[in-house]
$ cat data.csv   # CSV, C-alpha atoms
chain,number,residue,atom,x,y,z
A,12,MET,CA,26.8,3.9,-51.1
A,13,GLN,CA,26.1,7.2,-49.3
A,14,ARG,CA,23.0,5.7,-47.7
A,15,ALA,CA,24.8,2.7,-46.5
A,16,ARG,CA,27.4,4.9,-44.7
A,17,THR,CA,24.7,7.2,-43.2
A,18,ARG,CA,22.7,4.5,-41.5
A,19,PRO,CA,25.5,3.4,-39.0
A,20,LEU,CA,26.1,7.1,-38.3
A,21,LEU,CA,22.5,7.7,-37.4
A,22,GLN,CA,22.6,4.6,-35.2
A,23,GLN,CA,25.7,6.0,-33.5
A,24,LEU,CA,24.0,9.4,-32.9
A,25,VAL,CA,21.0,7.6,-31.4
A,26,LEU,CA,23.3,5.6,-29.1
A,27,VAL,CA,25.2,8.7,-27.9
A,28,SER,CA,21.9,10.4,-27.2
A,29,SER,CA,20.6,7.4,-25.3
A,30,ARG,CA,23.8,7.3,-23.3
A,31,ARG,CA,23.4,10.9,-22.4
A,32,ARG,CA,19.9,10.4,-21.2
A,33,LEU,CA,21.0,7.3,-19.3
A,34,HIS,CA,23.8,9.4,-17.7
A,35,HIS,CA,21.3,12.1,-16.8
A,36,LEU,CA,19.0,9.6,-15.1
A,37,HIS,CA,21.9,8.1,-13.3
A,38,GLN,CA,23.1,11.5,-12.0
A,39,ASP,CA,19.6,12.5,-10.9
A,40,ALA,CA,19.1,9.2,-9.1
A,41,ARG,CA,22.3,9.6,-7.2
A,42,SER,CA,21.9,13.2,-6.2
A,43,VAL,CA,19.9,13.2,-2.9
A,44,GLY,CA,18.3,16.0,-1.0
A,45,ILE,CA,17.3,15.1,2.6
A,46,ILE,CA,14.6,17.0,4.5
A,47,GLY,CA,13.9,16.2,8.1
A,48,ALA,CA,10.3,16.6,9.2
A,49,PRO,CA,10.1,16.1,13.0
A,50,PHE,CA,6.3,16.2,13.3
A,51,SER,CA,4.0,14.1,15.4
A,52,LYS,CA,0.6,15.6,15.5
A,53,GLY,CA,-0.9,13.2,12.9
A,54,GLN,CA,-1.0,10.6,15.6
A,55,PRO,CA,-1.2,10.4,19.4
A,56,ARG,CA,2.1,8.8,20.4
A,57,VAL,CA,5.0,11.0,21.4
A,58,GLY,CA,8.5,10.3,20.1
A,59,VAL,CA,8.0,9.9,16.4
A,60,ASP,CA,9.3,13.5,15.9
A,61,ARG,CA,12.7,12.1,16.9
A,62,GLY,CA,12.8,9.9,13.9
A,63,PRO,CA,14.8,12.2,11.5
A,64,ASP,CA,17.7,12.8,13.9
A,65,LEU,CA,17.8,9.1,14.9
A,66,ILE,CA,18.1,8.0,11.2
A,67,ARG,CA,20.8,10.6,10.6
A,68,ALA,CA,22.7,9.5,13.7
A,69,ALA,CA,22.7,5.9,12.3
A,70,GLY,CA,25.0,7.2,9.5
A,71,LEU,CA,22.6,7.7,6.7
A,72,VAL,CA,24.4,10.6,5.0
A,73,ARG,CA,27.9,9.0,5.3
A,74,LYS,CA,26.7,5.7,4.0
A,75,MET,CA,25.0,7.3,1.1
A,76,GLN,CA,28.1,9.1,0.2
A,77,GLU,CA,30.2,5.9,0.5
A,78,GLN,CA,28.0,4.3,-2.1
A,79,GLY,CA,28.5,7.2,-4.6
A,80,CYS,CA,25.6,9.5,-3.8
A,81,VAL,CA,26.0,13.3,-3.8
A,82,VAL,CA,24.0,14.3,-0.7
A,83,LYS,CA,22.7,17.7,0.4
A,84,ASP,CA,21.1,17.6,3.9
A,85,TYR,CA,18.7,20.5,4.2
A,86,GLY,CA,18.3,19.9,7.9
A,87,ASN,CA,15.0,19.8,9.9
A,88,LEU,CA,12.0,21.9,9.1
A,89,THR,CA,10.5,23.9,12.0
A,90,PHE,CA,6.8,23.9,12.4
A,91,GLU,CA,4.5,26.5,13.8
A,92,GLU,CA,3.2,25.9,17.3
A,93,LEU,CA,-0.5,26.6,17.4
A,94,ALA,CA,-2.1,27.9,20.5
A,95,SER,CA,-5.4,26.3,19.8
A,96,ASP,CA,-6.1,23.3,17.6
A,97,GLU,CA,-9.5,21.9,18.6
A,98,PRO,CA,-10.9,18.9,16.6
A,99,VAL,CA,-12.8,19.6,13.4
A,100,GLY,CA,-15.6,17.1,13.5
A,101,SER,CA,-13.7,13.9,14.4
A,102,VAL,CA,-10.4,15.1,12.9
A,103,LYS,CA,-7.6,15.8,15.4
A,104,PHE,CA,-5.0,18.5,15.0
A,105,ALA,CA,-6.1,19.4,11.4
A,106,ARG,CA,-4.6,22.9,11.7
A,107,ALA,CA,-1.2,21.7,12.7
A,108,VAL,CA,-1.2,18.9,10.1
A,109,GLY,CA,-2.3,21.3,7.3
A,110,SER,CA,0.3,24.0,8.3
A,111,ALA,CA,3.1,21.4,8.6
A,112,ASN,CA,2.4,19.8,5.2
A,113,ARG,CA,2.2,23.2,3.5
A,114,ARG,CA,5.7,23.9,4.8
A,115,LEU,CA,6.9,20.5,3.8
A,116,SER,CA,5.4,20.8,0.3
A,117,GLU,CA,7.3,24.1,-0.3
A,118,ALA,CA,10.6,22.5,1.0
A,119,VAL,CA,10.2,19.4,-1.3
A,120,GLN,CA,9.6,21.7,-4.3
A,121,ALA,CA,12.8,23.5,-3.5
A,122,VAL,CA,14.7,20.2,-3.3
A,123,LYS,CA,13.3,19.1,-6.7
A,124,ARG,CA,14.1,22.4,-8.3
A,125,GLU,CA,17.7,21.9,-7.4
A,126,GLY,CA,17.7,18.5,-9.2
A,127,HIS,CA,17.8,16.1,-6.3
A,128,THR,CA,15.8,13.0,-5.5
A,129,SER,CA,13.9,14.1,-2.4
A,130,VAL,CA,14.1,12.1,0.8
A,131,MET,CA,11.7,13.1,3.6
A,132,LEU,CA,12.5,11.7,7.0
A,133,GLY,CA,9.5,11.7,9.3
A,134,GLY,CA,7.8,12.1,11.6
A,135,ASP,CA,4.4,10.5,11.1
A,136,HIS,CA,2.8,9.4,7.9
A,137,SER,CA,0.4,12.4,7.6
A,138,LEU,CA,3.6,14.1,6.2
A,139,ALA,CA,3.1,12.2,3.0
A,140,ILE,CA,0.5,14.8,2.1
A,141,GLY,CA,3.1,17.6,1.8
A,142,SER,CA,5.9,15.4,0.5
A,143,ILE,CA,3.9,14.0,-2.4
A,144,HIS,CA,2.1,17.3,-3.2
A,145,GLY,CA,5.4,19.1,-3.3
A,146,HIS,CA,6.9,16.4,-5.5
A,147,ALA,CA,4.0,16.6,-8.0
A,148,ALA,CA,4.0,20.4,-8.0
A,149,ALA,CA,7.6,20.3,-9.1
A,150,VAL,CA,7.7,17.5,-11.7
A,151,GLY,CA,4.1,16.8,-12.7
A,152,GLU,CA,2.1,13.6,-12.5
A,153,LEU,CA,3.5,10.9,-10.3
A,154,SER,CA,3.2,7.2,-9.7
A,155,VAL,CA,3.0,6.4,-6.0
A,156,VAL,CA,4.1,3.2,-4.3
A,157,TRP,CA,2.8,3.1,-0.8
A,158,VAL,CA,4.5,0.4,1.4
A,159,ASP,CA,2.7,0.1,4.7
A,160,ALA,CA,0.8,-2.2,7.0
A,161,HIS,CA,-2.1,0.3,6.7
A,162,ALA,CA,-3.9,1.8,3.7
A,163,ASP,CA,-4.1,5.4,5.2
A,164,ILE,CA,-7.0,6.1,2.9
A,165,ASN,CA,-9.7,7.0,5.4
A,166,THR,CA,-11.4,10.3,4.8
A,167,PRO,CA,-12.2,12.8,7.5
A,168,LEU,CA,-15.7,11.4,7.4
A,169,THR,CA,-14.8,7.7,7.7
A,170,THR,CA,-11.9,7.8,10.1
A,171,PRO,CA,-12.5,5.7,13.2
A,172,THR,CA,-9.8,7.5,15.2
A,173,GLY,CA,-9.6,11.0,13.8
A,174,ASN,CA,-5.8,10.7,13.5
A,175,MET,CA,-4.5,12.3,10.3
A,176,HIS,CA,-1.8,9.7,9.7
A,177,GLY,CA,-4.5,7.3,8.7
A,178,GLN,CA,-5.9,9.7,6.1
A,179,PRO,CA,-3.1,11.2,3.8
A,180,VAL,CA,-3.9,9.2,0.7
A,181,SER,CA,-7.5,10.4,0.6
A,182,HIS,CA,-6.3,14.0,0.6
A,183,LEU,CA,-4.0,13.3,-2.4
A,184,LEU,CA,-6.4,11.4,-4.7
A,185,HIS,CA,-8.3,13.2,-7.4
A,186,GLU,CA,-11.1,10.6,-7.2
A,187,LEU,CA,-11.8,11.4,-3.5
A,188,ARG,CA,-11.6,15.2,-3.7
A,189,SER,CA,-15.4,15.6,-3.4
A,190,LYS,CA,-15.4,13.4,-0.3
A,191,ILE,CA,-13.0,15.7,1.7
A,192,PRO,CA,-14.7,18.4,3.7
A,193,VAL,CA,-13.1,21.8,4.2
A,194,LEU,CA,-10.5,21.7,6.9
A,195,PRO,CA,-8.6,24.7,8.4
A,196,ASN,CA,-5.1,25.2,6.9
A,197,PHE,CA,-5.8,22.9,4.0
A,198,SER,CA,-7.0,25.5,1.4
A,199,TRP,CA,-3.5,25.3,-0.3
A,200,LEU,CA,-3.8,21.6,-1.0
A,201,LYS,CA,-4.9,20.3,-4.4
A,202,SER,CA,-5.3,16.6,-5.2
A,203,CYS,CA,-2.4,15.4,-7.3
A,204,VAL,CA,-2.5,11.6,-7.7
A,205,HIS,CA,-4.8,9.4,-9.8
A,206,ALA,CA,-6.0,6.1,-8.3
A,207,LYS,CA,-4.7,4.3,-11.4
A,208,ASP,CA,-1.2,5.5,-10.5
A,209,LEU,CA,-1.2,4.2,-6.9
A,210,VAL,CA,0.1,0.8,-5.8
A,211,TYR,CA,0.0,-0.6,-2.2
A,212,ILE,CA,2.4,-3.2,-0.9
A,213,GLY,CA,2.3,-4.9,2.5
A,214,LEU,CA,-1.3,-4.2,3.7
A,215,ARG,CA,-2.6,-6.3,6.5
A,216,ASP,CA,-4.6,-4.0,8.8
A,217,VAL,CA,-7.3,-2.2,6.7
A,218,ASP,CA,-10.5,-0.7,8.1
A,219,PRO,CA,-13.8,-1.8,6.5
A,220,GLU,CA,-14.4,1.7,5.1
A,221,GLU,CA,-10.9,1.6,3.5
A,222,HIS,CA,-11.6,-1.8,1.9
A,223,TYR,CA,-14.7,-0.2,0.3
A,224,ILE,CA,-12.8,2.8,-1.0
A,225,LEU,CA,-10.0,0.7,-2.4
A,226,LYS,CA,-12.4,-1.6,-4.2
A,227,LEU,CA,-14.6,1.3,-5.4
A,228,LEU,CA,-11.6,3.1,-6.9
A,229,GLY,CA,-10.0,-0.1,-8.3
A,230,VAL,CA,-6.6,0.6,-6.6
A,231,LYS,CA,-3.9,-1.9,-7.2
A,232,VAL,CA,-3.2,-3.6,-3.8
A,233,PHE,CA,-0.7,-6.3,-2.9
A,234,SER,CA,-1.6,-7.3,0.6
A,235,MET,CA,0.6,-9.6,2.7
A,236,THR,CA,-1.5,-12.5,1.6
A,237,GLN,CA,-0.6,-11.7,-2.0
A,238,VAL,CA,3.1,-11.2,-1.1
A,239,ASP,CA,3.1,-14.6,0.5
A,240,ARG,CA,1.4,-16.2,-2.4
A,241,LEU,CA,3.2,-14.5,-5.3
A,242,GLY,CA,6.6,-13.8,-3.7
A,243,VAL,CA,8.1,-10.3,-3.5
A,244,ALA,CA,9.9,-10.6,-6.9
A,245,ARG,CA,6.6,-11.2,-8.7
A,246,VAL,CA,4.9,-8.5,-6.8
A,247,MET,CA,7.5,-5.9,-7.8
A,248,GLU,CA,7.4,-7.1,-11.5
A,249,GLU,CA,3.7,-6.7,-11.5
A,250,THR,CA,3.9,-3.3,-9.7
A,251,CYS,CA,6.3,-1.9,-12.3
A,252,ASP,CA,4.5,-3.4,-15.2
A,253,PHE,CA,1.3,-1.9,-13.9
A,254,LEU,CA,2.8,1.6,-13.4
A,255,SER,CA,4.7,1.7,-16.6
A,256,GLY,CA,2.0,0.1,-18.8
A,257,ARG,CA,1.0,3.6,-20.0
A,258,VAL,CA,3.3,6.5,-19.6
A,259,LYS,CA,6.3,6.2,-17.4
A,260,LYS,CA,6.0,8.7,-14.6
A,261,PRO,CA,8.4,9.6,-11.8
A,262,ILE,CA,7.9,7.3,-8.8
A,263,HIS,CA,7.3,8.5,-5.3
A,264,LEU,CA,8.0,5.8,-2.7
A,265,SER,CA,6.2,6.3,0.6
A,266,TYR,CA,7.7,3.8,3.1
A,267,ASP,CA,6.1,3.4,6.5
A,268,ILE,CA,8.6,1.4,8.7
A,269,ASP,CA,5.6,-0.6,10.1
A,270,ALA,CA,5.4,-2.3,6.7
A,271,ILE,CA,8.3,-4.4,8.0
A,272,ASP,CA,7.4,-7.1,10.5
A,273,PRO,CA,7.7,-5.9,14.2
A,274,SER,CA,10.2,-8.6,14.9
A,275,VAL,CA,12.6,-6.5,12.9
A,276,THR,CA,11.2,-3.0,13.4
A,277,PRO,CA,9.4,-2.9,16.7
A,278,ALA,CA,10.1,0.8,17.5
A,279,THR,CA,7.0,2.2,15.7
A,280,GLY,CA,3.6,3.5,16.8
A,281,THR,CA,1.2,1.0,15.2
A,282,PRO,CA,3.1,-2.3,14.7
A,283,VAL,CA,1.2,-5.2,13.0
A,284,VAL,CA,2.5,-8.8,13.1
A,285,GLY,CA,2.9,-10.7,9.9
A,286,GLY,CA,4.7,-8.0,7.9
A,287,LEU,CA,7.4,-7.9,5.3
A,288,THR,CA,10.7,-9.6,6.2
A,289,TYR,CA,13.9,-7.5,6.1
A,290,ARG,CA,14.8,-9.1,2.8
A,291,GLU,CA,11.4,-8.4,1.2
A,292,GLY,CA,11.6,-4.8,2.4
A,293,ILE,CA,15.0,-4.3,0.9
A,294,TYR,CA,14.0,-6.0,-2.3
A,295,ILE,CA,11.2,-3.5,-2.8
A,296,SER,CA,13.7,-0.6,-2.6
A,297,GLU,CA,16.2,-2.3,-4.8
A,298,HIS,CA,13.7,-3.0,-7.5
A,299,LEU,CA,12.4,0.5,-7.6
A,300,SER,CA,15.9,1.9,-7.7
A,301,GLN,CA,16.6,-0.2,-10.8
A,302,THR,CA,13.8,1.3,-12.7
A,303,GLY,CA,15.6,4.7,-12.9
A,304,LEU,CA,12.3,6.4,-12.2
A,305,LEU,CA,12.5,6.8,-8.4
A,306,SER,CA,12.2,10.5,-7.8
A,307,GLY,CA,11.1,10.9,-4.2
A,308,VAL,CA,11.1,8.9,-1.0
A,309,ASP,CA,9.4,9.1,2.4
A,310,MET,CA,10.7,7.2,5.4
A,311,VAL,CA,8.3,7.6,8.3
A,312,GLU,CA,7.0,6.4,11.7
A,313,VAL,CA,10.3,5.5,13.3
A,314,ASN,CA,9.6,6.1,17.0
A,315,PRO,CA,12.4,5.4,19.5
A,316,LEU,CA,10.1,5.7,22.5
A,317,ARG,CA,8.1,2.7,21.2
A,318,GLY,CA,11.1,0.4,21.5
A,319,HIS,CA,11.3,-1.5,24.7
A,320,THR,CA,15.1,-1.9,24.5
A,321,GLU,CA,18.0,-0.1,22.9
A,322,GLN,CA,18.4,-3.1,20.6
A,323,GLU,CA,14.8,-2.7,19.4
A,324,VAL,CA,15.4,0.9,18.6
A,325,GLN,CA,18.7,0.2,16.8
A,326,SER,CA,17.2,-2.6,14.8
A,327,THR,CA,14.3,-0.3,13.6
A,328,THR,CA,16.7,2.6,12.8
A,329,ARG,CA,19.3,0.4,11.0
A,330,THR,CA,16.5,-1.1,8.9
A,331,ALA,CA,15.2,2.3,7.9
A,332,VAL,CA,18.7,3.3,6.8
A,333,ASP,CA,19.2,0.1,4.8
A,334,LEU,CA,15.8,0.6,3.1
A,335,LEU,CA,16.9,4.1,2.0
A,336,LEU,CA,20.4,3.0,0.9
A,337,ALA,CA,18.8,0.3,-1.3
A,338,CYS,CA,16.7,3.1,-2.9
A,339,PHE,CA,20.0,4.6,-4.2
A,340,GLY,CA,21.8,1.8,-5.8
A,341,ARG,CA,23.1,-0.4,-3.0
A,342,LEU,CA,22.7,-4.0,-4.0
A,343,ARG,CA,23.4,-6.9,-1.7
A,344,GLU,CA,25.6,-8.5,-4.4
A,345,GLY,CA,27.9,-5.6,-3.8
A,346,THR,CA,29.6,-5.7,-7.3
A,347,HIS,CA,26.8,-4.7,-9.7
A,348,GLN,CA,25.5,-1.3,-10.6
A,349,PRO,CA,21.8,-0.9,-11.0
A,350,HIS,CA,20.3,-1.2,-14.4
A,351,TYR,CA,18.5,2.0,-15.4
A,352,CYS,CA,15.7,1.8,-18.0
A,353,LEU,CA,16.0,4.2,-20.9
A,354,PRO,CA,13.1,6.6,-21.1
A,355,GLU,CA,10.8,6.3,-24.1
A,356,ALA,CA,11.6,8.6,-27.0

$ encode --input "data.csv" --output "structure tokens"
Amino acid sequence: MQRARTRPLLQQLVLVSSRRRLHHLHQDARSVGIIGAPFSKGQPRVGVDRGPDLIRAAGLVRKMQEQGCVVKDYGNLTFEELASDEPVGSVKFARAVGSANRRLSEAVQAVKREGHTSVMLGGDHSLAIGSIHGHAAAVGELSVVWVDAHADINTPLTTPTGNMHGQPVSHLLHELRSKIPVLPNFSWLKSCVHAKDLVYIGLRDVDPEEHYILKLLGVKVFSMTQVDRLGVARVMEETCDFLSGRVKKPIHLSYDIDAIDPSVTPATGTPVVGGLTYREGIYISEHLSQTGLLSGVDMVEVNPLRGHTEQEVQSTTRTAVDLLLACFGRLREGTHQPHYCLPEA
């Protein structure tokens, strides 16, 4: 008789504990720390450093608050101006990129220590080095979802342009550490992501050397051909199944606005036709939000000087804001709260 009464009590205790963990996940997911990183030296086109303020001016903080987020805006980082930054081999502005990313890594670590989901507003995509490094330094091993027209996995030895915004992934991967030469202002950086924890979505402009690296490392890639064939819902199901097939790790979403088709987001430095539709881009953010594991987000490469009209700039900026809002629970149905997965015991 006593055992029969104890079992429901244990079930109740487990249920209460699960609800508490669910509540904790929900709170963390809705507590947002924003860092602006107005940095452009990872690529040659002026204007991308204006991205953070442009995204804010489009109402990001207010709209996040309206959908129930607690938001702390840490403002924009300031970066050291270097008197001399000559190329190192073929790599351009290595000193500036290394210094800026160290500053960003420290800032992201501070945001994570205060319990927020970090949101880094770029700036160019070389900033993912510091954003992801700081995230991993604060919370441990990560899964990374890289949404981009480009793989950004050239090394300093394979890069055809020397631009650092085409190389950040190679600096982060354990498997490529031996392929990265010593660069000034990069001694602080330690690799922090495993190839098995990386998924690409939206690729359609990949260098031959990058194709080789991706295949060699067995990285999970959903190119635009696969998005077209499978549909974005299937792509996201397979992405999350792949990443959570072992241990569920916090997810870092690194979103380059050029992943979206330039008919929607033309104000960016390296647009490539045939990209994700607005709806597909939003769906990716929505789906990752619903996992309850999204812990850090980058939004990069919004460049108002690359838009030919004010309408093009506004379309690009509004889309960036909408992609971020979808990361934090906004669903297009408007009436449903996201489903958060309980962590494993």

$ residues_around --input "data.csv" --residues "Ser51 in chain A" --least-positions-apart "2" --cutoff "12 Å" --atoms "all atoms listed in the file" --output "compact mmCIF listing (two decimals) with C-alpha atoms, in the coordinates of the input"
# COMPACT_ATOMS: atom_id res chain seq x y z
CA ALA A 48 10.30 16.60 9.20
CA PRO A 49 10.10 16.10 13.00
CA GLY A 53 -0.90 13.20 12.90
CA GLN A 54 -1.00 10.60 15.60
CA PRO A 55 -1.20 10.40 19.40
CA ARG A 56 2.10 8.80 20.40
CA VAL A 57 5.00 11.00 21.40
CA GLY A 58 8.50 10.30 20.10
CA VAL A 59 8.00 9.90 16.40
CA ASP A 60 9.30 13.50 15.90
CA ARG A 61 12.70 12.10 16.90
CA GLY A 62 12.80 9.90 13.90
CA PRO A 63 14.80 12.20 11.50
CA PHE A 90 6.80 23.90 12.40
CA GLU A 92 3.20 25.90 17.30
CA LYS A 103 -7.60 15.80 15.40
CA PHE A 104 -5.00 18.50 15.00
CA ALA A 107 -1.20 21.70 12.70
CA VAL A 108 -1.20 18.90 10.10
CA ALA A 111 3.10 21.40 8.60
CA ASN A 112 2.40 19.80 5.20
CA GLY A 133 9.50 11.70 9.30
CA GLY A 134 7.80 12.10 11.60
CA ASP A 135 4.40 10.50 11.10
CA HIS A 136 2.80 9.40 7.90
CA SER A 137 0.40 12.40 7.60
CA LEU A 138 3.60 14.10 6.20
CA ASN A 174 -5.80 10.70 13.50
CA MET A 175 -4.50 12.30 10.30
CA HIS A 176 -1.80 9.70 9.70
CA GLY A 280 3.60 3.50 16.80
CA VAL A 311 8.30 7.60 8.30
CA GLU A 312 7.00 6.40 11.70
CA VAL A 313 10.30 5.50 13.30
CA ASN A 314 9.60 6.10 17.00

$ closest_residue --input "data.csv" --among "A:Ala105, A:Arg41, A:Ser116, A:Trp199" --to "Cys80 in chain A" --atoms "only C-alpha atoms"
A:Arg41

$ closest_residue --input "data.csv" --among "A:Cys338, A:Asn165, A:Ala206, A:Ala331" --to "Arg67 in chain A" --atoms "all atoms listed in the file"
A:Ala331

$ atom_distance --input "data.csv" --atom1 "CA of Val150 in chain A" --atom2 "CA of Gly44 in chain A"
15.1 Å

$ closest_residue --input "data.csv" --among "A:Thr330, A:Ser265, A:Thr170, A:Asn196" --to "Ser142 in chain A" --atoms "only C-alpha atoms"
A:Ser265

$ atom_distance --input "data.csv" --atom1 "CA of Arg114 in chain A" --atom2 "CA of Cys203 in chain A"
16.9 Å

$ closest_residue --input "data.csv" --among "A:Val102, A:Ala148, A:Leu225, A:Val155" --to "Leu168 in chain A" --atoms "only C-alpha atoms"
A:Val102

$ atom_distance --input "data.csv" --atom1 "CA of Val243 in chain A" --atom2 "CA of Leu228 in chain A"
24.1 Å

$ residues_around --input "data.csv" --residues "Arg124 in chain A" --least-positions-apart "3" --cutoff "9 Å" --atoms "all atoms listed in the file" --output "list in words"
Val119, Gln120, Ala121, His127, Ala149 and Val150 of chain A

$ closest_residue --input "data.csv" --among "A:Gln322, A:Gln178, A:Ser274, A:Ile212" --to "Glu249 in chain A" --atoms "all atoms listed in the file"
A:Ile212

$ residues_around --input "data.csv" --residues "Val230 in chain A" --least-positions-apart "6" --cutoff "7 Å" --atoms "only C-alpha atoms" --output "ChimeraX atom specification"
/A:206-207,209-210

$ closest_residue --input "data.csv" --among "A:Ser202, A:His161, A:Val156, A:Lys74" --to "Asp333 in chain A" --atoms "all atoms listed in the file"
A:Lys74

$ residues_around --input "data.csv" --residues "Pro167 in chain A" --least-positions-apart "3" --cutoff "12 Å" --atoms "only C-alpha atoms" --output "ChimeraX atom specification"
/A:98-105,163-164,170-182,187-194,220-221

$ build_atoms --input "data.csv" --residues "range 271-293 of chain A" --atoms "N, CA and C atoms" --output "PDB file, in the frame of the given file"
ATOM      1  N   ILE A 271       7.376  -3.333   7.642  1.00  0.00           N
ATOM      2  CA  ILE A 271       8.300  -4.400   8.000  1.00  0.00           C
ATOM      3  C   ILE A 271       7.722  -5.096   9.279  1.00  0.00           C
ATOM      4  N   ASP A 272       7.904  -6.396   9.381  1.00  0.00           N
ATOM      5  CA  ASP A 272       7.400  -7.100  10.500  1.00  0.00           C
ATOM      6  C   ASP A 272       7.999  -6.560  11.836  1.00  0.00           C
ATOM      7  N   PRO A 273       7.200  -6.424  12.900  1.00  0.00           N
ATOM      8  CA  PRO A 273       7.700  -5.900  14.200  1.00  0.00           C
ATOM      9  C   PRO A 273       8.784  -6.685  14.837  1.00  0.00           C
ATOM     10  N   SER A 274       9.004  -7.902  14.395  1.00  0.00           N
ATOM     11  CA  SER A 274      10.200  -8.600  14.900  1.00  0.00           C
ATOM     12  C   SER A 274      11.462  -7.998  14.464  1.00  0.00           C
ATOM     13  N   VAL A 275      11.406  -7.208  13.391  1.00  0.00           N
ATOM     14  CA  VAL A 275      12.600  -6.500  12.900  1.00  0.00           C
ATOM     15  C   VAL A 275      12.543  -5.029  13.210  1.00  0.00           C
ATOM     16  N   THR A 276      11.347  -4.421  13.115  1.00  0.00           N
ATOM     17  CA  THR A 276      11.200  -3.000  13.400  1.00  0.00           C
ATOM     18  C   THR A 276      10.127  -2.711  14.401  1.00  0.00           C
ATOM     19  N   PRO A 277      10.405  -3.035  15.658  1.00  0.00           N
ATOM     20  CA  PRO A 277       9.400  -2.900  16.700  1.00  0.00           C
ATOM     21  C   PRO A 277       9.174  -1.439  17.161  1.00  0.00           C
ATOM     22  N   ALA A 278      10.146  -0.547  16.929  1.00  0.00           N
ATOM     23  CA  ALA A 278      10.100   0.800  17.500  1.00  0.00           C
ATOM     24  C   ALA A 278       9.253   1.706  16.520  1.00  0.00           C
ATOM     25  N   THR A 279       7.950   1.465  16.516  1.00  0.00           N
ATOM     26  CA  THR A 279       7.000   2.200  15.700  1.00  0.00           C
ATOM     27  C   THR A 279       5.675   2.264  16.374  1.00  0.00           C
ATOM     28  N   GLY A 280       4.839   3.233  15.991  1.00  0.00           N
ATOM     29  CA  GLY A 280       3.600   3.500  16.800  1.00  0.00           C
ATOM     30  C   GLY A 280       2.518   2.491  16.609  1.00  0.00           C
ATOM     31  N   THR A 281       2.361   1.906  15.409  1.00  0.00           N
ATOM     32  CA  THR A 281       1.200   1.000  15.200  1.00  0.00           C
ATOM     33  C   THR A 281       1.744  -0.306  14.517  1.00  0.00           C
ATOM     34  N   PRO A 282       2.541  -1.098  15.241  1.00  0.00           N
ATOM     35  CA  PRO A 282       3.100  -2.300  14.700  1.00  0.00           C
ATOM     36  C   PRO A 282       1.974  -3.362  14.442  1.00  0.00           C
ATOM     37  N   VAL A 283       2.123  -4.136  13.373  1.00  0.00           N
ATOM     38  CA  VAL A 283       1.200  -5.200  13.000  1.00  0.00           C
ATOM     39  C   VAL A 283       1.965  -6.438  12.673  1.00  0.00           C
ATOM     40  N   VAL A 284       1.706  -7.539  13.367  1.00  0.00           N
ATOM     41  CA  VAL A 284       2.500  -8.800  13.100  1.00  0.00           C
ATOM     42  C   VAL A 284       2.149  -9.273  11.684  1.00  0.00           C
ATOM     43  N   GLY A 285       3.063 -10.094  11.178  1.00  0.00           N
ATOM     44  CA  GLY A 285       2.900 -10.700   9.900  1.00  0.00           C
ATOM     45  C   GLY A 285       3.293  -9.834   8.705  1.00  0.00           C
ATOM     46  N   GLY A 286       4.269  -8.967   8.937  1.00  0.00           N
ATOM     47  CA  GLY A 286       4.700  -8.000   7.900  1.00  0.00           C
ATOM     48  C   GLY A 286       5.796  -8.539   7.020  1.00  0.00           C
ATOM     49  N   LEU A 287       6.316  -7.625   6.204  1.00  0.00           N
ATOM     50  CA  LEU A 287       7.400  -7.900   5.300  1.00  0.00           C
ATOM     51  C   LEU A 287       8.652  -8.334   6.101  1.00  0.00           C
ATOM     52  N   THR A 288       9.405  -9.289   5.574  1.00  0.00           N
ATOM     53  CA  THR A 288      10.700  -9.600   6.200  1.00  0.00           C
ATOM     54  C   THR A 288      11.686  -8.486   5.796  1.00  0.00           C
ATOM     55  N   TYR A 289      12.811  -8.473   6.472  1.00  0.00           N
ATOM     56  CA  TYR A 289      13.900  -7.500   6.100  1.00  0.00           C
ATOM     57  C   TYR A 289      14.238  -7.672   4.654  1.00  0.00           C
ATOM     58  N   ARG A 290      14.409  -8.891   4.203  1.00  0.00           N
ATOM     59  CA  ARG A 290      14.800  -9.100   2.800  1.00  0.00           C
ATOM     60  C   ARG A 290      13.779  -8.651   1.828  1.00  0.00           C
ATOM     61  N   GLU A 291      12.513  -8.908   2.118  1.00  0.00           N
ATOM     62  CA  GLU A 291      11.400  -8.400   1.200  1.00  0.00           C
ATOM     63  C   GLU A 291      11.397  -6.928   1.166  1.00  0.00           C
ATOM     64  N   GLY A 292      11.565  -6.289   2.332  1.00  0.00           N
ATOM     65  CA  GLY A 292      11.600  -4.800   2.400  1.00  0.00           C
ATOM     66  C   GLY A 292      12.678  -4.234   1.552  1.00  0.00           C
ATOM     67  N   ILE A 293      13.863  -4.789   1.683  1.00  0.00           N
ATOM     68  CA  ILE A 293      15.000  -4.300   0.900  1.00  0.00           C
ATOM     69  C   ILE A 293      14.807  -4.538  -0.571  1.00  0.00           C
TER      70      ILE A 293
END
